[in-house]
>>> print(open('model08.cif').read())   # mmCIF, C-alpha atoms
data_model
#
loop_
_atom_site.group_PDB
_atom_site.id
_atom_site.type_symbol
_atom_site.label_atom_id
_atom_site.label_comp_id
_atom_site.auth_asym_id
_atom_site.auth_seq_id
_atom_site.Cartn_x
_atom_site.Cartn_y
_atom_site.Cartn_z
ATOM 1 C CA MET A 13 88.129 114.284 130.745
ATOM 2 C CA LYS A 14 85.246 113.329 128.430
ATOM 3 C CA LEU A 15 82.609 110.684 129.126
ATOM 4 C CA VAL A 16 81.255 108.656 126.212
ATOM 5 C CA ILE A 17 78.347 106.253 126.710
ATOM 6 C CA PHE A 18 77.962 103.283 124.366
ATOM 7 C CA THR A 19 74.483 101.841 123.924
ATOM 8 C CA LYS A 20 73.812 98.256 124.864
ATOM 9 C CA SER A 21 74.614 96.108 121.820
ATOM 10 C CA THR A 22 71.004 94.867 121.572
ATOM 11 C CA PHE A 23 67.754 96.845 121.415
ATOM 12 C CA PHE A 24 65.264 96.657 124.274
ATOM 13 C CA VAL A 25 61.852 98.059 125.176
ATOM 14 C CA GLU A 26 62.753 100.837 127.648
ATOM 15 C CA GLU A 27 65.803 102.000 125.695
ATOM 16 C CA ASP A 28 64.474 105.264 124.270
ATOM 17 C CA LYS A 29 63.146 106.332 127.701
ATOM 18 C CA ILE A 30 66.464 105.583 129.420
ATOM 19 C CA LEU A 31 68.533 107.330 126.731
ATOM 20 C CA THR A 32 66.282 110.388 126.893
ATOM 21 C CA ALA A 33 66.646 110.443 130.697
ATOM 22 C CA LEU A 34 70.443 110.184 130.352
ATOM 23 C CA PHE A 35 70.485 113.091 127.904
ATOM 24 C CA GLU A 36 68.356 115.091 130.347
ATOM 25 C CA GLU A 37 70.908 114.288 133.073
ATOM 26 C CA GLY A 38 73.703 115.743 130.953
ATOM 27 C CA MET A 39 74.935 112.945 128.683
ATOM 28 C CA ASP A 40 76.536 114.750 125.755
ATOM 29 C CA ASN A 41 78.192 111.936 123.796
ATOM 30 C CA LEU A 42 76.322 108.747 122.914
ATOM 31 C CA HIS A 43 77.674 106.092 120.562
ATOM 32 C CA LEU A 44 74.903 104.093 118.904
ATOM 33 C CA TYR A 45 76.604 100.700 118.751
ATOM 34 C CA LYS A 46 74.388 97.818 117.607
ATOM 35 C CA PRO A 47 76.667 95.437 115.697
ATOM 36 C CA GLY A 48 74.960 93.206 113.145
ATOM 37 C CA SER A 49 71.547 94.818 113.560
ATOM 38 C CA SER A 50 69.109 95.919 110.879
ATOM 39 C CA PRO A 51 69.114 99.693 110.197
ATOM 40 C CA MET A 52 65.336 99.678 110.647
ATOM 41 C CA TYR A 53 65.744 99.207 114.412
ATOM 42 C CA SER A 54 68.244 102.073 114.692
ATOM 43 C CA GLU A 55 65.851 104.302 112.724
ATOM 44 C CA ARG A 56 63.030 103.379 115.056
ATOM 45 C CA LEU A 57 65.117 104.123 118.160
ATOM 46 C CA LEU A 58 66.277 107.470 116.776
ATOM 47 C CA SER A 59 62.724 108.448 115.853
ATOM 48 C CA LEU A 60 61.692 107.919 119.494
ATOM 49 C CA LEU A 61 64.389 110.272 120.847
ATOM 50 C CA PRO A 62 63.924 114.067 121.009
ATOM 51 C CA ASP A 63 65.666 115.494 117.948
ATOM 52 C CA ASP A 64 67.419 118.115 120.134
ATOM 53 C CA TYR A 65 69.841 115.324 121.086
ATOM 54 C CA TYR A 66 70.702 114.032 117.595
ATOM 55 C CA LYS A 67 73.891 116.137 117.417
ATOM 56 C CA LYS A 68 75.203 114.251 120.461
ATOM 57 C CA ILE A 69 74.909 110.829 118.794
ATOM 58 C CA THR A 70 77.598 109.002 116.781
ATOM 59 C CA VAL A 71 76.713 105.900 114.723
ATOM 60 C CA HIS A 72 78.923 102.836 114.196
ATOM 61 C CA ASP A 73 76.895 101.311 111.328
ATOM 62 C CA HIS A 74 74.447 102.427 108.670
ATOM 63 C CA TYR A 75 76.283 105.694 108.119
ATOM 64 C CA TYR A 76 73.439 107.190 106.067
ATOM 65 C CA LEU A 77 71.682 107.765 109.402
ATOM 66 C CA LYS A 78 74.174 110.545 110.121
ATOM 67 C CA ASN A 79 72.732 112.760 107.384
ATOM 68 C CA GLU A 80 69.185 111.504 107.632
ATOM 69 C CA TYR A 81 68.892 112.470 111.303
ATOM 70 C CA GLY A 82 71.573 115.185 111.503
ATOM 71 C CA LEU A 83 73.690 113.131 113.909
ATOM 72 C CA GLY A 84 77.018 114.224 115.360
ATOM 73 C CA GLY A 85 79.234 111.860 113.389
ATOM 74 C CA ILE A 86 80.235 108.318 112.515
ATOM 75 C CA ASN A 87 82.670 105.875 114.123
ATOM 76 C CA ILE A 88 84.907 103.643 112.029
ATOM 77 C CA ASP A 89 85.487 100.438 113.979
ATOM 78 C CA THR A 90 88.823 99.622 112.355
ATOM 79 C CA PRO A 91 92.068 101.625 112.326
ATOM 80 C CA ASP A 92 92.709 101.694 108.573
ATOM 81 C CA THR A 93 89.288 101.843 106.841
ATOM 82 C CA LEU A 94 88.710 105.134 105.060
ATOM 83 C CA PRO A 95 85.559 107.191 105.705
ATOM 84 C CA PRO A 96 82.845 106.573 103.076
ATOM 85 C CA GLU A 97 83.546 108.279 99.757
ATOM 86 C CA GLY A 98 82.344 111.867 99.769
ATOM 87 C CA TYR A 99 81.756 111.838 103.535
ATOM 88 C CA LYS A 100 81.902 115.286 105.083
ATOM 89 C CA GLY A 101 81.730 115.653 108.823
ATOM 90 C CA ASN A 102 83.141 114.349 112.074
ATOM 91 C CA PHE A 103 84.367 110.820 112.417
ATOM 92 C CA THR A 104 85.996 108.878 115.216
ATOM 93 C CA ARG A 105 87.917 105.596 115.143
ATOM 94 C CA THR A 106 88.496 102.476 117.199
ATOM 95 C CA CYS A 107 91.958 100.897 117.461
ATOM 96 C CA ALA A 108 92.919 97.640 119.139
ATOM 97 C CA ARG A 109 96.668 98.286 119.277
ATOM 98 C CA ILE A 110 98.798 101.124 120.643
ATOM 99 C CA ASP A 111 100.944 101.229 117.484
ATOM 100 C CA GLN A 112 97.825 102.168 115.461
ATOM 101 C CA LEU A 113 97.123 105.334 117.443
ATOM 102 C CA LYS A 114 99.534 107.773 115.823
ATOM 103 C CA GLU A 115 98.139 107.289 112.330
ATOM 104 C CA ALA A 116 94.522 107.012 113.497
ATOM 105 C CA LYS A 117 94.705 110.338 115.340
ATOM 106 C CA ARG A 118 95.656 112.310 112.235
ATOM 107 C CA LYS A 119 92.144 113.033 110.989
ATOM 108 C CA ALA A 120 89.746 111.499 113.494
ATOM 109 C CA ARG A 121 88.095 113.766 116.052
ATOM 110 C CA TYR A 122 89.171 111.272 118.707
ATOM 111 C CA VAL A 123 90.256 107.642 118.792
ATOM 112 C CA PHE A 124 89.241 104.798 121.091
ATOM 113 C CA LEU A 125 91.928 102.433 122.297
ATOM 114 C CA ASP A 126 90.071 99.180 122.923
ATOM 115 C CA TYR A 127 90.772 96.416 125.464
ATOM 116 C CA VAL A 128 92.294 98.818 128.019
ATOM 117 C CA PHE A 129 90.834 96.959 131.020
ATOM 118 C CA ASP A 130 89.376 93.465 131.464
ATOM 119 C CA GLY A 131 85.953 93.213 129.818
ATOM 120 C CA ILE A 132 82.613 93.529 131.603
ATOM 121 C CA THR A 133 80.134 92.830 128.794
ATOM 122 C CA ILE A 134 82.412 89.960 127.672
ATOM 123 C CA PRO A 135 84.223 88.885 130.891
ATOM 124 C CA GLU A 136 86.561 86.508 129.057
ATOM 125 C CA GLN A 137 87.926 89.477 127.082
ATOM 126 C CA LYS A 138 91.080 90.431 128.979
ATOM 127 C CA SER A 139 93.049 93.653 128.699
ATOM 128 C CA ALA A 140 95.335 93.601 125.665
ATOM 129 C CA HIS A 141 97.868 96.056 127.110
ATOM 130 C CA THR A 142 100.059 95.888 130.210
ATOM 131 C CA LEU A 143 100.163 98.850 132.567
ATOM 132 C CA ALA A 144 103.820 99.365 131.587
ATOM 133 C CA GLU A 145 102.850 99.534 127.879
ATOM 134 C CA LEU A 146 100.107 102.075 128.586
ATOM 135 C CA LYS A 147 102.454 104.227 130.688
ATOM 136 C CA GLU A 148 105.080 104.133 127.949
ATOM 137 C CA ALA A 149 102.480 105.080 125.313
ATOM 138 C CA SER A 150 101.429 108.006 127.486
ATOM 139 C CA LYS A 151 105.039 109.111 127.935
ATOM 140 C CA ARG A 152 105.563 109.024 124.160
ATOM 141 C CA GLY A 153 102.434 111.122 123.580
ATOM 142 C CA LEU A 154 100.548 108.318 121.827
ATOM 143 C CA ILE A 155 97.912 108.413 124.574
ATOM 144 C CA ASP A 156 96.711 111.987 124.949
ATOM 145 C CA LYS A 157 93.528 114.058 125.087
ATOM 146 C CA HIS A 158 92.458 112.709 121.669
ATOM 147 C CA VAL A 159 92.579 109.073 122.811
ATOM 148 C CA TYR A 160 89.744 107.584 124.877
ATOM 149 C CA ALA A 161 89.910 104.368 126.890
ATOM 150 C CA LEU A 162 87.449 101.664 125.808
ATOM 151 C CA GLY A 163 86.862 98.196 127.216
ATOM 152 C CA GLY A 164 86.200 97.363 130.840
ATOM 153 C CA VAL A 165 85.918 100.983 132.000
ATOM 154 C CA THR A 166 84.219 101.214 135.419
ATOM 155 C CA LEU A 167 83.654 103.839 138.065
ATOM 156 C CA GLU A 168 86.571 102.259 139.939
ATOM 157 C CA ASN A 169 89.198 102.529 137.183
ATOM 158 C CA ILE A 170 88.338 105.918 135.643
ATOM 159 C CA LYS A 171 90.978 107.566 137.830
ATOM 160 C CA GLN A 172 93.586 105.136 136.511
ATOM 161 C CA ALA A 173 92.603 106.022 132.918
ATOM 162 C CA LYS A 174 92.895 109.704 133.798
ATOM 163 C CA ASP A 175 96.339 109.165 135.372
ATOM 164 C CA LEU A 176 97.459 107.378 132.194
ATOM 165 C CA GLY A 177 96.643 110.504 130.190
ATOM 166 C CA PHE A 178 93.501 109.373 128.359
ATOM 167 C CA GLY A 179 91.360 112.301 127.243
ATOM 168 C CA GLY A 180 88.144 110.377 127.801
ATOM 169 C CA VAL A 181 86.571 107.057 128.696
ATOM 170 C CA ALA A 182 83.821 105.019 127.035
ATOM 171 C CA VAL A 183 81.435 103.193 129.364
ATOM 172 C CA ARG A 184 79.063 100.390 128.428
ATOM 173 C CA GLY A 185 78.779 97.340 130.699
ATOM 174 C CA ASP A 186 79.393 99.234 133.934
ATOM 175 C CA LEU A 187 76.313 101.349 133.222
ATOM 176 C CA TRP A 188 73.943 98.900 131.510
ATOM 177 C CA ASN A 189 74.535 96.167 134.096
ATOM 178 C CA ARG A 190 72.551 98.387 136.506
ATOM 179 C CA PHE A 191 69.350 97.618 134.631
ATOM 180 C CA ASP A 192 67.847 94.201 133.921
ATOM 181 C CA ILE A 193 66.079 94.600 130.578
ATOM 182 C CA HIS A 194 63.934 91.501 131.207
ATOM 183 C CA ASN A 195 62.647 92.222 134.702
ATOM 184 C CA GLU A 196 62.848 95.921 135.480
ATOM 185 C CA VAL A 197 61.082 99.093 134.492
ATOM 186 C CA ASP A 198 62.658 101.328 137.136
ATOM 187 C CA TYR A 199 65.994 102.671 135.956
ATOM 188 C CA LYS A 200 66.811 104.992 138.884
ATOM 189 C CA GLU A 201 69.899 102.983 139.803
ATOM 190 C CA LEU A 202 71.242 103.327 136.253
ATOM 191 C CA ILE A 203 70.685 107.114 136.253
ATOM 192 C CA SER A 204 72.281 107.408 139.682
ATOM 193 C CA HIS A 205 75.318 105.464 138.451
ATOM 194 C CA PHE A 206 75.586 107.740 135.411
ATOM 195 C CA GLU A 207 75.738 110.747 137.757
ATOM 196 C CA LYS A 208 78.623 109.104 139.632
ATOM 197 C CA LEU A 209 80.442 108.451 136.342
ATOM 198 C CA ARG A 210 80.019 112.095 135.354
ATOM 199 C CA LYS A 211 81.497 113.253 138.667
ATOM 200 C CA ALA A 212 84.403 110.813 138.319
ATOM 201 C CA VAL A 213 85.496 112.221 134.951
ATOM 202 C CA GLY A 214 84.925 115.840 135.984
#
>>> encode(input="model08.cif", output="structure tokens")
Amino acid sequence: MKLVIFTKSTFFVEEDKILTALFEEGMDNLHLYKPGSSPMYSERLLSLLPDDYYKKITVHDHYYLKNEYGLGGINIDTPDTLPPEGYKGNFTRTCARIDQLKEAKRKARYVFLDYVFDGITIPEQKSAHTLAELKEASKRGLIDKHVYALGGVTLENIKQAKDLGFGGVAVRGDLWNRFDIHNEVDYKELISHFEKLRKAVG
């Protein structure tokens, strides 16, 4: 099972140091997800990271960054938007509904199914799929190794995602909640939690 880490949706001072430490600990798939932000901030963050890790980064916005920094790919945050004209390279997709998966999987490297569990970053965001619906989707082959669970993924429910047949999980809130960007400089707890997440998907 694959582990994908999403960045926090806002930029913060220690971010490049923490991301570099996570890469050093074995993170091999980072999604740079900063909705509504200026590309200048993403450029600045990327310029602070060792370029050895660029191939492990996928961008959700400002797709020109993919070529400019030699990144791993782009993510299209809707199920039916086409990749940019003339785009060559890997792309992934995000879907909100199970019935979008079959079509989305055709060309994407992998597809996120969103709202699998109750939200952490946005607690009022509840799961959009019942357990019975997810089991049925797995039985029909809609959920498979090319579909990754997104939304509310925690150390505690990774096993459930694995049992449902997801090929990977995307973690955001469960990791970034271990570090208070306003009051902390020590991110040992966050790194330690990442190691536990890695073991859980292994």
>>> resolve_selection(input="model08.cif", expression="the PyMOL selection byres ((chain A and resi 81) around 9)", output="VMD selection string")
chain A and resid 55 58 to 59 63 66 to 67 76 to 80 82 to 83
>>> atom_distance(input="model08.cif", atom1="atom CA of Asp40 of chain A", atom2="atom CA of Ile69 of chain A")
8.2 Å
>>> resolve_selection(input="model08.cif", expression="the PyMOL selection byres ((chain A and resi 204) around 12)", output="NGL selection string")
:A and (30 or 33-34 or 37 or 187-188 or 190-191 or 198-203 or 205-211)
>>> closest_residue(input="model08.cif", among="A:Asp89, A:Glu115, A:Asp126, A:Glu145", to="Asp73 of chain A", atoms="all atoms listed in the file")
A:Asp89
>>> resolve_selection(input="model08.cif", expression="the PyMOL selection byres ((chain A and resi 108) around 8)", output="ChimeraX atom specification")
/A:91,106-107,109-110,112,125-127
>>> axis_aligned_box(input="model08.cif", around="segment 193-199 of chain A", padding_each_side="3 Å", output="lines of an AutoDock Vina configuration file")
center_x = 63.6
center_y = 97.1
center_z = 133.9
size_x = 11.0
size_y = 17.2
size_z = 12.6
>>> atom_distance(input="model08.cif", atom1="atom CA of Val16 of chain A", atom2="atom CA of Met39 of chain A")
8.0 Å
>>> closest_residue(input="model08.cif", among="A:Leu94, A:Leu113, A:Val197, A:Leu42", to="Lys20 of chain A", atoms="all atoms listed in the file")
A:Leu42
>>> closest_residue(input="model08.cif", among="A:Ile155, A:Val25, A:Ala144, A:Leu167", to="Gly179 of chain A", atoms="all atoms listed in the file")
A:Ile155
>>> closest_residue(input="model08.cif", among="A:Arg152, A:His72, A:His141, A:Arg105", to="Gly48 of chain A", atoms="all atoms listed in the file")
A:His72
>>> residues_around(input="model08.cif", residues="Ser21 of chain A", least_positions_apart="4", cutoff="12 Å", atoms="all atoms listed in the file", output="list in words")
Ile17, Glu27, His43, Leu44, Tyr45, Lys46, Pro47, Gly48, Ser49, Tyr53, Ser54, His72, Asp73, Thr133, Ile134, Arg184, Gly185 and Trp188 of chain A
>>> atom_distance(input="model08.cif", atom1="atom CA of Gly153 of chain A", atom2="atom CA of Asn102 of chain A")
22.7 Å
>>> decode(input="model08.cif", residues="segment 186-197 of chain A", atoms="C-alpha atoms", output="CSV table (one decimal), in the first residue's frame")
chain,number,residue,atom,x,y,z
A,186,ASP,CA,-3.5,13.4,11.0
A,187,LEU,CA,0.2,14.4,10.3
A,188,TRP,CA,0.1,18.2,10.4
A,189,ASN,CA,-2.0,18.3,13.6
A,190,ARG,CA,1.2,17.0,15.4
A,191,PHE,CA,2.9,20.4,14.9
A,192,ASP,CA,1.6,23.8,16.0
A,193,ILE,CA,2.9,26.2,13.3
A,194,HIS,CA,2.5,29.2,15.7
A,195,ASN,CA,4.2,27.9,18.8
A,196,GLU,CA,6.6,25.1,18.0
A,197,VAL,CA,9.9,24.7,16.3
